[in-house]
$ cat upload.cif   # mmCIF, C-alpha atoms
data_protein
loop_
_atom_site.group_PDB
_atom_site.id
_atom_site.type_symbol
_atom_site.label_atom_id
_atom_site.label_comp_id
_atom_site.auth_asym_id
_atom_site.auth_seq_id
_atom_site.Cartn_x
_atom_site.Cartn_y
_atom_site.Cartn_z
ATOM 1 C CA MET A 292 -15.179 6.135 -3.240
ATOM 2 C CA GLN A 293 -15.395 2.717 -4.872
ATOM 3 C CA ALA A 294 -15.217 2.040 -8.623
ATOM 4 C CA ASN A 295 -18.644 2.239 -10.318
ATOM 5 C CA SER A 296 -20.650 -0.940 -10.985
ATOM 6 C CA SER A 297 -19.654 -1.329 -14.642
ATOM 7 C CA GLU A 298 -15.980 -0.917 -13.809
ATOM 8 C CA GLN A 299 -16.269 -3.346 -10.912
ATOM 9 C CA SER A 300 -17.954 -5.979 -13.074
ATOM 10 C CA VAL A 301 -15.160 -5.797 -15.630
ATOM 11 C CA ALA A 302 -12.564 -6.112 -12.873
ATOM 12 C CA ASN A 303 -14.369 -9.120 -11.425
ATOM 13 C CA GLU A 304 -14.607 -10.847 -14.812
ATOM 14 C CA VAL A 305 -10.858 -10.818 -15.381
ATOM 15 C CA GLU A 306 -10.164 -12.005 -11.827
ATOM 16 C CA ILE A 307 -7.135 -9.816 -11.314
ATOM 17 C CA THR A 308 -6.939 -10.128 -7.540
ATOM 18 C CA ALA A 309 -7.225 -12.776 -4.874
ATOM 19 C CA LYS A 310 -7.235 -12.451 -1.091
ATOM 20 C CA PHE A 311 -5.206 -15.021 0.832
ATOM 21 C CA GLN A 312 -5.924 -16.428 4.265
ATOM 22 C CA ARG A 313 -3.161 -16.717 6.855
ATOM 23 C CA ARG A 314 -3.463 -20.504 7.096
ATOM 24 C CA GLU A 315 -2.792 -20.740 3.354
ATOM 25 C CA VAL A 316 0.236 -18.484 3.661
ATOM 26 C CA LEU A 317 1.811 -20.431 6.519
ATOM 27 C CA ALA A 318 1.204 -23.775 4.783
ATOM 28 C CA GLN A 319 3.853 -23.061 2.133
ATOM 29 C CA PRO A 320 6.610 -25.730 2.162
ATOM 30 C CA PRO A 321 10.244 -24.632 2.599
ATOM 31 C CA ARG A 322 12.393 -24.427 -0.524
ATOM 32 C CA GLU A 323 15.849 -23.390 -1.660
ATOM 33 C CA PRO A 324 16.226 -19.692 -2.556
ATOM 34 C CA LYS A 325 16.203 -18.932 -6.277
ATOM 35 C CA ALA A 326 19.421 -17.837 -7.935
ATOM 36 C CA HIS A 327 17.523 -15.168 -9.898
ATOM 37 C CA PRO A 328 13.931 -14.370 -10.898
ATOM 38 C CA GLU A 329 12.460 -15.823 -14.080
ATOM 39 C CA VAL A 330 10.897 -12.493 -15.035
ATOM 40 C CA VAL A 331 11.309 -8.931 -13.784
ATOM 41 C CA PRO A 332 8.796 -6.054 -13.866
ATOM 42 C CA PHE A 333 10.289 -3.087 -15.711
ATOM 43 C CA VAL A 334 8.832 -0.111 -13.844
ATOM 44 C CA ARG A 335 8.919 3.627 -13.410
ATOM 45 C CA PHE A 336 7.559 5.167 -10.225
ATOM 46 C CA GLY A 337 7.003 8.550 -8.647
ATOM 47 C CA ALA A 338 6.080 9.648 -5.125
ATOM 48 C CA LYS A 339 4.992 12.814 -3.371
ATOM 49 C CA THR A 340 4.007 13.721 0.193
ATOM 50 C CA ASP A 341 2.676 17.023 1.527
ATOM 51 C CA LEU A 342 1.752 18.537 4.870
ATOM 52 C CA GLY A 343 -1.656 19.638 3.602
ATOM 53 C CA ASN A 344 -3.416 22.899 4.363
ATOM 54 C CA VAL A 345 -4.392 22.252 7.970
ATOM 55 C CA ARG A 346 -1.873 20.031 9.763
ATOM 56 C CA GLU A 347 1.203 21.367 11.546
ATOM 57 C CA ASN A 348 3.335 18.293 10.930
ATOM 58 C CA ASN A 349 3.411 15.461 8.418
ATOM 59 C CA GLU A 350 2.537 12.104 9.978
ATOM 60 C CA ASP A 351 2.526 10.402 6.563
ATOM 61 C CA LYS A 352 5.596 8.604 5.308
ATOM 62 C CA PHE A 353 6.527 6.637 2.206
ATOM 63 C CA ASP A 354 9.507 4.415 1.544
ATOM 64 C CA PHE A 355 10.741 1.968 -1.070
ATOM 65 C CA PHE A 356 13.533 -0.490 -1.726
ATOM 66 C CA GLU A 357 14.580 -1.878 -5.117
ATOM 67 C CA PRO A 358 17.236 -4.586 -4.623
ATOM 68 C CA THR A 359 19.660 -5.500 -7.387
ATOM 69 C CA GLU A 360 21.146 -8.662 -5.843
ATOM 70 C CA PRO A 361 19.630 -11.531 -7.911
ATOM 71 C CA THR A 362 18.586 -13.835 -5.060
ATOM 72 C CA LEU A 363 17.036 -11.010 -3.058
ATOM 73 C CA LEU A 364 15.222 -9.818 -6.146
ATOM 74 C CA ALA A 365 13.938 -13.344 -6.817
ATOM 75 C CA GLU A 366 12.812 -14.052 -3.251
ATOM 76 C CA ARG A 367 11.566 -10.649 -2.083
ATOM 77 C CA GLY A 368 11.251 -8.311 -5.070
ATOM 78 C CA SER A 369 10.889 -4.532 -4.723
ATOM 79 C CA VAL A 370 8.829 -2.813 -2.014
ATOM 80 C CA TYR A 371 6.839 0.440 -2.186
ATOM 81 C CA ALA A 372 4.926 1.469 0.933
ATOM 82 C CA VAL A 373 2.938 4.264 2.567
ATOM 83 C CA CYS A 374 2.003 4.898 6.206
ATOM 84 C CA ASP A 375 -0.370 7.379 7.827
ATOM 85 C CA GLY A 376 0.548 7.905 11.480
ATOM 86 C CA MET A 377 -1.757 8.976 14.278
ATOM 87 C CA GLY A 378 -1.386 9.977 17.892
ATOM 88 C CA GLY A 379 -0.974 13.743 18.020
ATOM 89 C CA HIS A 380 2.103 15.967 18.337
ATOM 90 C CA SER A 381 5.034 14.004 16.880
ATOM 91 C CA ALA A 382 3.744 10.569 17.906
ATOM 92 C CA GLY A 383 2.124 9.760 14.563
ATOM 93 C CA GLN A 384 5.252 10.693 12.668
ATOM 94 C CA ILE A 385 7.350 8.493 14.948
ATOM 95 C CA ALA A 386 4.905 5.594 14.563
ATOM 96 C CA SER A 387 4.975 5.721 10.757
ATOM 97 C CA GLU A 388 8.771 5.963 10.645
ATOM 98 C CA LEU A 389 9.262 3.097 13.111
ATOM 99 C CA ALA A 390 6.720 0.943 11.320
ATOM 100 C CA LEU A 391 8.239 1.342 7.858
ATOM 101 C CA LYS A 392 11.814 0.874 9.050
ATOM 102 C CA THR A 393 10.929 -2.308 10.950
ATOM 103 C CA PHE A 394 8.675 -3.624 8.200
ATOM 104 C CA LEU A 395 11.393 -3.347 5.547
ATOM 105 C CA LYS A 396 14.104 -4.851 7.739
ATOM 106 C CA THR A 397 12.014 -7.856 8.720
ATOM 107 C CA TYR A 398 10.588 -8.444 5.264
ATOM 108 C CA TYR A 399 13.999 -8.772 3.631
ATOM 109 C CA ASP A 400 15.109 -11.453 6.096
ATOM 110 C CA LEU A 401 15.701 -14.436 3.791
ATOM 111 C CA GLU A 402 15.442 -16.896 6.670
ATOM 112 C CA LEU A 403 11.669 -16.587 6.337
ATOM 113 C CA PRO A 404 10.436 -19.185 3.848
ATOM 114 C CA ASP A 405 8.334 -17.198 1.373
ATOM 115 C CA VAL A 406 7.067 -13.747 0.520
ATOM 116 C CA ASP A 407 3.649 -13.884 2.180
ATOM 117 C CA THR A 408 4.997 -15.355 5.409
ATOM 118 C CA ALA A 409 7.655 -12.625 5.367
ATOM 119 C CA LEU A 410 4.979 -9.967 4.876
ATOM 120 C CA HIS A 411 2.927 -11.286 7.764
ATOM 121 C CA SER A 412 5.975 -11.443 10.047
ATOM 122 C CA ALA A 413 7.096 -7.966 8.992
ATOM 123 C CA VAL A 414 3.721 -6.466 9.942
ATOM 124 C CA LEU A 415 3.739 -8.236 13.316
ATOM 125 C CA SER A 416 7.277 -7.004 14.004
ATOM 126 C CA ALA A 417 6.341 -3.429 13.123
ATOM 127 C CA ASN A 418 3.253 -3.684 15.300
ATOM 128 C CA ALA A 419 5.239 -5.016 18.270
ATOM 129 C CA LEU A 420 7.828 -2.230 18.124
ATOM 130 C CA VAL A 421 5.314 0.618 17.728
ATOM 131 C CA ARG A 422 3.250 -0.764 20.605
ATOM 132 C CA GLU A 423 6.345 -1.196 22.795
ATOM 133 C CA VAL A 424 7.486 2.392 22.222
ATOM 134 C CA ALA A 425 3.967 3.722 22.788
ATOM 135 C CA GLN A 426 3.723 1.949 26.143
ATOM 136 C CA ALA A 427 7.229 2.963 27.250
ATOM 137 C CA ILE A 428 6.901 6.724 26.651
ATOM 138 C CA PRO A 429 3.875 8.525 28.163
ATOM 139 C CA GLY A 430 3.742 11.186 25.457
ATOM 140 C CA ARG A 431 3.385 8.523 22.787
ATOM 141 C CA ARG A 432 0.583 6.482 24.343
ATOM 142 C CA GLY A 433 -1.951 5.368 21.767
ATOM 143 C CA MET A 434 0.195 6.185 18.744
ATOM 144 C CA GLY A 435 -0.227 4.041 15.676
ATOM 145 C CA THR A 436 -0.169 4.030 11.906
ATOM 146 C CA THR A 437 -1.704 2.526 8.811
ATOM 147 C CA LEU A 438 0.555 0.530 6.499
ATOM 148 C CA THR A 439 -0.087 -0.368 2.872
ATOM 149 C CA ALA A 440 2.685 -1.845 0.738
ATOM 150 C CA ALA A 441 2.992 -3.294 -2.765
ATOM 151 C CA ILE A 442 5.729 -5.827 -3.398
ATOM 152 C CA LEU A 443 6.572 -6.407 -7.057
ATOM 153 C CA LEU A 444 7.866 -9.965 -7.338
ATOM 154 C CA GLU A 445 8.315 -11.417 -10.806
ATOM 155 C CA ASN A 446 4.937 -11.010 -12.550
ATOM 156 C CA GLU A 447 2.879 -10.434 -9.392
ATOM 157 C CA ALA A 448 2.182 -7.680 -6.914
ATOM 158 C CA HIS A 449 1.761 -8.841 -3.329
ATOM 159 C CA VAL A 450 -0.169 -6.186 -1.410
ATOM 160 C CA VAL A 451 -0.162 -6.115 2.393
ATOM 161 C CA HIS A 452 -2.567 -3.819 4.168
ATOM 162 C CA VAL A 453 -3.549 -2.537 7.626
ATOM 163 C CA GLY A 454 -5.757 0.537 8.064
ATOM 164 C CA ASP A 455 -7.423 2.865 5.559
ATOM 165 C CA SER A 456 -4.563 3.839 3.269
ATOM 166 C CA ARG A 457 -5.267 2.269 -0.104
ATOM 167 C CA CYS A 458 -3.808 0.415 -3.060
ATOM 168 C CA TYR A 459 -5.478 0.801 -6.459
ATOM 169 C CA LEU A 460 -4.890 -0.987 -9.743
ATOM 170 C CA VAL A 461 -5.505 0.982 -12.927
ATOM 171 C CA ARG A 462 -5.703 -1.309 -15.944
ATOM 172 C CA GLY A 463 -6.850 0.231 -19.190
ATOM 173 C CA GLU A 464 -10.001 2.241 -18.472
ATOM 174 C CA VAL A 465 -10.757 0.396 -15.206
ATOM 175 C CA ILE A 466 -9.685 1.378 -11.698
ATOM 176 C CA GLN A 467 -10.069 -1.178 -8.923
ATOM 177 C CA GLN A 468 -9.473 -0.648 -5.231
ATOM 178 C CA ILE A 469 -7.409 -3.686 -4.254
ATOM 179 C CA THR A 470 -7.540 -3.145 -0.496
ATOM 180 C CA ASP A 471 -10.560 -2.993 1.808
ATOM 181 C CA ASP A 472 -10.498 -0.053 4.223
ATOM 182 C CA HIS A 473 -10.236 -1.129 7.859
ATOM 183 C CA SER A 474 -12.548 1.656 8.995
ATOM 184 C CA TYR A 475 -15.826 1.806 10.876
ATOM 185 C CA VAL A 476 -17.758 3.469 8.049
ATOM 186 C CA MET A 477 -16.528 1.122 5.311
ATOM 187 C CA GLU A 478 -17.367 -1.905 7.420
ATOM 188 C CA GLN A 479 -20.873 -0.440 7.709
ATOM 189 C CA VAL A 480 -20.962 -0.010 3.922
ATOM 190 C CA ARG A 481 -19.849 -3.617 3.316
ATOM 191 C CA GLN A 482 -22.645 -4.810 5.612
ATOM 192 C CA GLY A 483 -25.203 -2.703 3.756
ATOM 193 C CA LEU A 484 -25.866 -0.488 6.774
ATOM 194 C CA MET A 485 -24.525 2.728 5.245
ATOM 195 C CA SER A 486 -24.203 4.127 1.727
ATOM 196 C CA LEU A 487 -20.907 5.353 0.285
ATOM 197 C CA GLN A 488 -22.216 8.916 0.365
ATOM 198 C CA GLU A 489 -23.228 8.553 4.020
ATOM 199 C CA ALA A 490 -19.786 7.115 4.789
ATOM 200 C CA GLN A 491 -18.063 10.038 3.076
ATOM 201 C CA TYR A 492 -19.780 12.579 5.323
ATOM 202 C CA SER A 493 -20.048 10.526 8.514
ATOM 203 C CA PRO A 494 -18.472 12.029 11.664
ATOM 204 C CA TYR A 495 -16.944 8.565 12.193
ATOM 205 C CA ARG A 496 -15.196 8.391 8.807
ATOM 206 C CA ASN A 497 -11.739 8.705 10.405
ATOM 207 C CA VAL A 498 -12.263 5.847 12.887
ATOM 208 C CA ILE A 499 -10.118 2.915 11.786
ATOM 209 C CA THR A 500 -10.572 -0.614 13.081
ATOM 210 C CA ARG A 501 -7.056 -1.955 12.470
ATOM 211 C CA SER A 502 -3.721 -0.204 12.768
ATOM 212 C CA ILE A 503 -0.066 -0.847 13.496
ATOM 213 C CA GLY A 504 0.258 -0.325 17.265
ATOM 214 C CA MET A 505 -2.824 -2.205 18.414
ATOM 215 C CA GLU A 506 -2.650 -5.076 20.909
ATOM 216 C CA GLN A 507 -3.187 -7.530 18.058
ATOM 217 C CA VAL A 508 -3.300 -6.928 14.327
ATOM 218 C CA GLU A 509 -3.948 -9.194 11.368
ATOM 219 C CA PRO A 510 -2.910 -7.823 7.959
ATOM 220 C CA ASP A 511 -4.778 -8.493 4.733
ATOM 221 C CA ILE A 512 -2.589 -9.908 1.952
ATOM 222 C CA TYR A 513 -3.626 -9.840 -1.704
ATOM 223 C CA ARG A 514 -2.033 -10.928 -4.968
ATOM 224 C CA VAL A 515 -2.413 -9.254 -8.339
ATOM 225 C CA VAL A 516 -1.089 -10.822 -11.555
ATOM 226 C CA LEU A 517 0.576 -7.945 -13.361
ATOM 227 C CA GLU A 518 0.344 -6.989 -17.020
ATOM 228 C CA ALA A 519 2.391 -4.540 -19.050
ATOM 229 C CA GLY A 520 0.728 -1.137 -18.824
ATOM 230 C CA ASP A 521 -0.708 -1.629 -15.343
ATOM 231 C CA ARG A 522 -0.450 1.213 -12.864
ATOM 232 C CA LEU A 523 -0.527 0.796 -9.095
ATOM 233 C CA VAL A 524 -1.407 3.695 -6.811
ATOM 234 C CA LEU A 525 -0.635 3.682 -3.079
ATOM 235 C CA CYS A 526 -2.083 6.573 -1.120
ATOM 236 C CA THR A 527 -3.167 7.816 2.290
ATOM 237 C CA ASP A 528 -6.687 9.042 2.983
ATOM 238 C CA GLY A 529 -5.543 12.629 2.558
ATOM 239 C CA LEU A 530 -5.919 11.919 -1.162
ATOM 240 C CA THR A 531 -9.097 9.834 -1.226
ATOM 241 C CA THR A 532 -10.997 12.237 1.036
ATOM 242 C CA HIS A 533 -10.823 14.858 -1.714
ATOM 243 C CA VAL A 534 -10.127 13.080 -5.017
ATOM 244 C CA SER A 535 -12.433 10.459 -6.553
ATOM 245 C CA ASP A 536 -11.366 7.095 -7.943
ATOM 246 C CA GLU A 537 -12.275 8.258 -11.455
ATOM 247 C CA GLN A 538 -10.075 11.348 -11.096
ATOM 248 C CA ILE A 539 -7.194 9.222 -9.813
ATOM 249 C CA ALA A 540 -7.498 6.890 -12.814
ATOM 250 C CA GLU A 541 -7.593 9.749 -15.301
ATOM 251 C CA VAL A 542 -4.485 11.401 -13.854
ATOM 252 C CA VAL A 543 -2.342 8.258 -13.711
ATOM 253 C CA ARG A 544 -3.371 7.255 -17.246
ATOM 254 C CA THR A 545 -2.394 10.630 -18.724
ATOM 255 C CA HIS A 546 0.740 11.557 -16.741
ATOM 256 C CA SER A 547 4.098 10.033 -15.985
ATOM 257 C CA PRO A 548 4.340 8.530 -12.464
ATOM 258 C CA SER A 549 6.187 11.523 -10.997
ATOM 259 C CA ALA A 550 3.873 14.032 -12.671
ATOM 260 C CA ALA A 551 0.823 11.992 -11.609
ATOM 261 C CA ALA A 552 1.896 11.893 -7.964
ATOM 262 C CA GLN A 553 2.501 15.643 -8.027
ATOM 263 C CA LYS A 554 -0.807 16.362 -9.762
ATOM 264 C CA LEU A 555 -2.856 14.199 -7.384
ATOM 265 C CA VAL A 556 -1.364 15.902 -4.331
ATOM 266 C CA GLU A 557 -2.101 19.316 -5.864
ATOM 267 C CA MET A 558 -5.712 18.262 -6.498
ATOM 268 C CA ALA A 559 -6.147 17.179 -2.875
ATOM 269 C CA LEU A 560 -4.768 20.528 -1.678
ATOM 270 C CA GLU A 561 -6.999 22.481 -4.038
ATOM 271 C CA GLU A 562 -10.052 20.627 -2.694
ATOM 272 C CA GLY A 563 -9.233 21.488 0.917
ATOM 273 C CA GLY A 564 -6.088 19.610 1.918
ATOM 274 C CA SER A 565 -7.637 18.696 5.272
ATOM 275 C CA ASP A 566 -4.972 16.093 6.034
ATOM 276 C CA ASN A 567 -1.444 15.084 5.134
ATOM 277 C CA VAL A 568 -1.456 13.534 1.660
ATOM 278 C CA THR A 569 0.922 10.952 0.223
ATOM 279 C CA VAL A 570 0.871 9.209 -3.173
ATOM 280 C CA ILE A 571 3.049 6.613 -4.892
ATOM 281 C CA VAL A 572 2.374 5.802 -8.554
ATOM 282 C CA ILE A 573 4.029 2.747 -10.135
ATOM 283 C CA HIS A 574 3.814 2.158 -13.892
ATOM 284 C CA ILE A 575 4.527 -1.398 -15.091
ATOM 285 C CA LEU A 576 6.124 -0.628 -18.444
ATOM 286 C CA ASP A 577 6.796 -4.277 -19.274
ATOM 287 C CA ILE A 578 7.405 -7.732 -17.828
ATOM 288 C CA LEU A 579 10.893 -8.777 -18.944
ATOM 289 C CA SER A 580 12.625 -12.125 -18.896
ATOM 290 C CA TRP A 581 15.739 -12.251 -16.726
ATOM 291 C CA GLU A 582 17.888 -12.310 -19.879
ATOM 292 C CA GLN A 583 16.094 -9.275 -21.347
ATOM 293 C CA ALA A 584 16.448 -7.362 -18.092
ATOM 294 C CA GLN A 585 20.190 -8.065 -18.079
ATOM 295 C CA GLN A 586 20.585 -7.022 -21.697
ATOM 296 C CA ILE A 587 19.098 -3.575 -21.114
ATOM 297 C CA GLY A 588 20.906 -3.100 -17.783
ATOM 298 C CA TRP A 589 17.724 -3.114 -15.702
ATOM 299 C CA VAL A 590 19.302 -5.663 -13.299
#
$ encode --input "upload.cif" --output "structure tokens"
Amino acid sequence: MQANSSEQSVANEVEITAKFQRREVLAQPPREPKAHPEVVPFVRFGAKTDLGNVRENNEDKFDFFEPTEPTLLAERGSVYAVCDGMGGHSAGQIASELALKTFLKTYYDLELPDVDTALHSAVLSANALVREVAQAIPGRRGMGTTLTAAILLENEAHVVHVGDSRCYLVRGEVIQQITDDHSYVMEQVRQGLMSLQEAQYSPYRNVITRSIGMEQVEPDIYRVVLEAGDRLVLCTDGLTTHVSDEQIAEVVRTHSPSAAAQKLVEMALEEGGSDNVTVIVIHILDILSWEQAQQIGWV
């Protein structure tokens, strides 16, 4: 479910997100790595994943990495990511685990010139490995996974996205879905051929149009300028199938990140729990200067 029209208009007015094209990303000139970041987001986060009420295994996975080495923190920041695997039996679980492991390893390669190029390369590397394994082992043919990750780098979040797992920004009373679902029904909605309500109940609502493991995949990359008090939510569709955007916003505004992640998973289970469900909640408590972050022992 999308944010309502009044919420969306407020979000649009403050211009808190921007979508970047690949040609813009690759045009970045090379530069020397920074010795340390100028500013550091001071965050608290919580995460929760659950099998759900129907599935026999959990094909969702989340992971994160918060470096403390100054140059790595300045050039790559901290990563928080979710995946929702598919393929039946254990194939989906394997796809999500392979994708996240490869994504993180490639992304933190400092030989790549900048963050968005690194994100693009990391997605392509994850895609290549999942596809290779799927083709090599008959029982894993057709396996794949979504991947949605938020990278907190200085005062920005870089969000990379493939599939229908989502990233939300909750700022004040407004919730905005940062990512666009790569699904058949949402593409129909964006073209005006289907309403949101029709999409919610469509028999094709689980058909995704991009995933890690396809022959070719192009990730979407977004940037969000962060403010103190912002909350980011990463989640698989096991949450959004059962819990509305407004409910998500209310929970993350009124609970700590760990309690919010727990509460949102419980709500999805209470409403049916028809799929695995995974949630990461990140609260931006403040944006600190490098000196301030050192003084309080945050870095």
$ atom_distance --input "upload.cif" --atom1 "atom CA of A:Pro510" --atom2 "atom CA of A:Ala386"
16.9 Å
$ residues_around --input "upload.cif" --residues "A:Gly368" --least-positions-apart "4" --cutoff "10 Å" --atoms "all atoms listed in the file" --output "PyMOL selection string"
chain A and resi 328+331-332+356-364+399+406+441-445+447-449
$ residues_around --input "upload.cif" --residues "A:Gln538" --least-positions-apart "2" --cutoff "12 Å" --atoms "only C-alpha atoms" --output "list of chain:residue names"
A:Met292, A:Gln293, A:Ala294, A:Val461, A:Glu464, A:Val465, A:Ile466, A:Leu530, A:Thr531, A:His533, A:Val534, A:Ser535, A:Asp536, A:Ala540, A:Glu541, A:Val542, A:Val543, A:Arg544, A:Thr545, A:Ala551, A:Lys554, A:Leu555, A:Val556, A:Met558, A:Ala559
$ closest_residue --input "upload.cif" --among "A:Val373, A:Leu560, A:Val424, A:Ala365" --to "A:Leu389" --atoms "only C-alpha atoms"
A:Val424
$ atom_distance --input "upload.cif" --atom1 "atom CA of A:His574" --atom2 "atom CA of A:Ser369"
13.4 Å
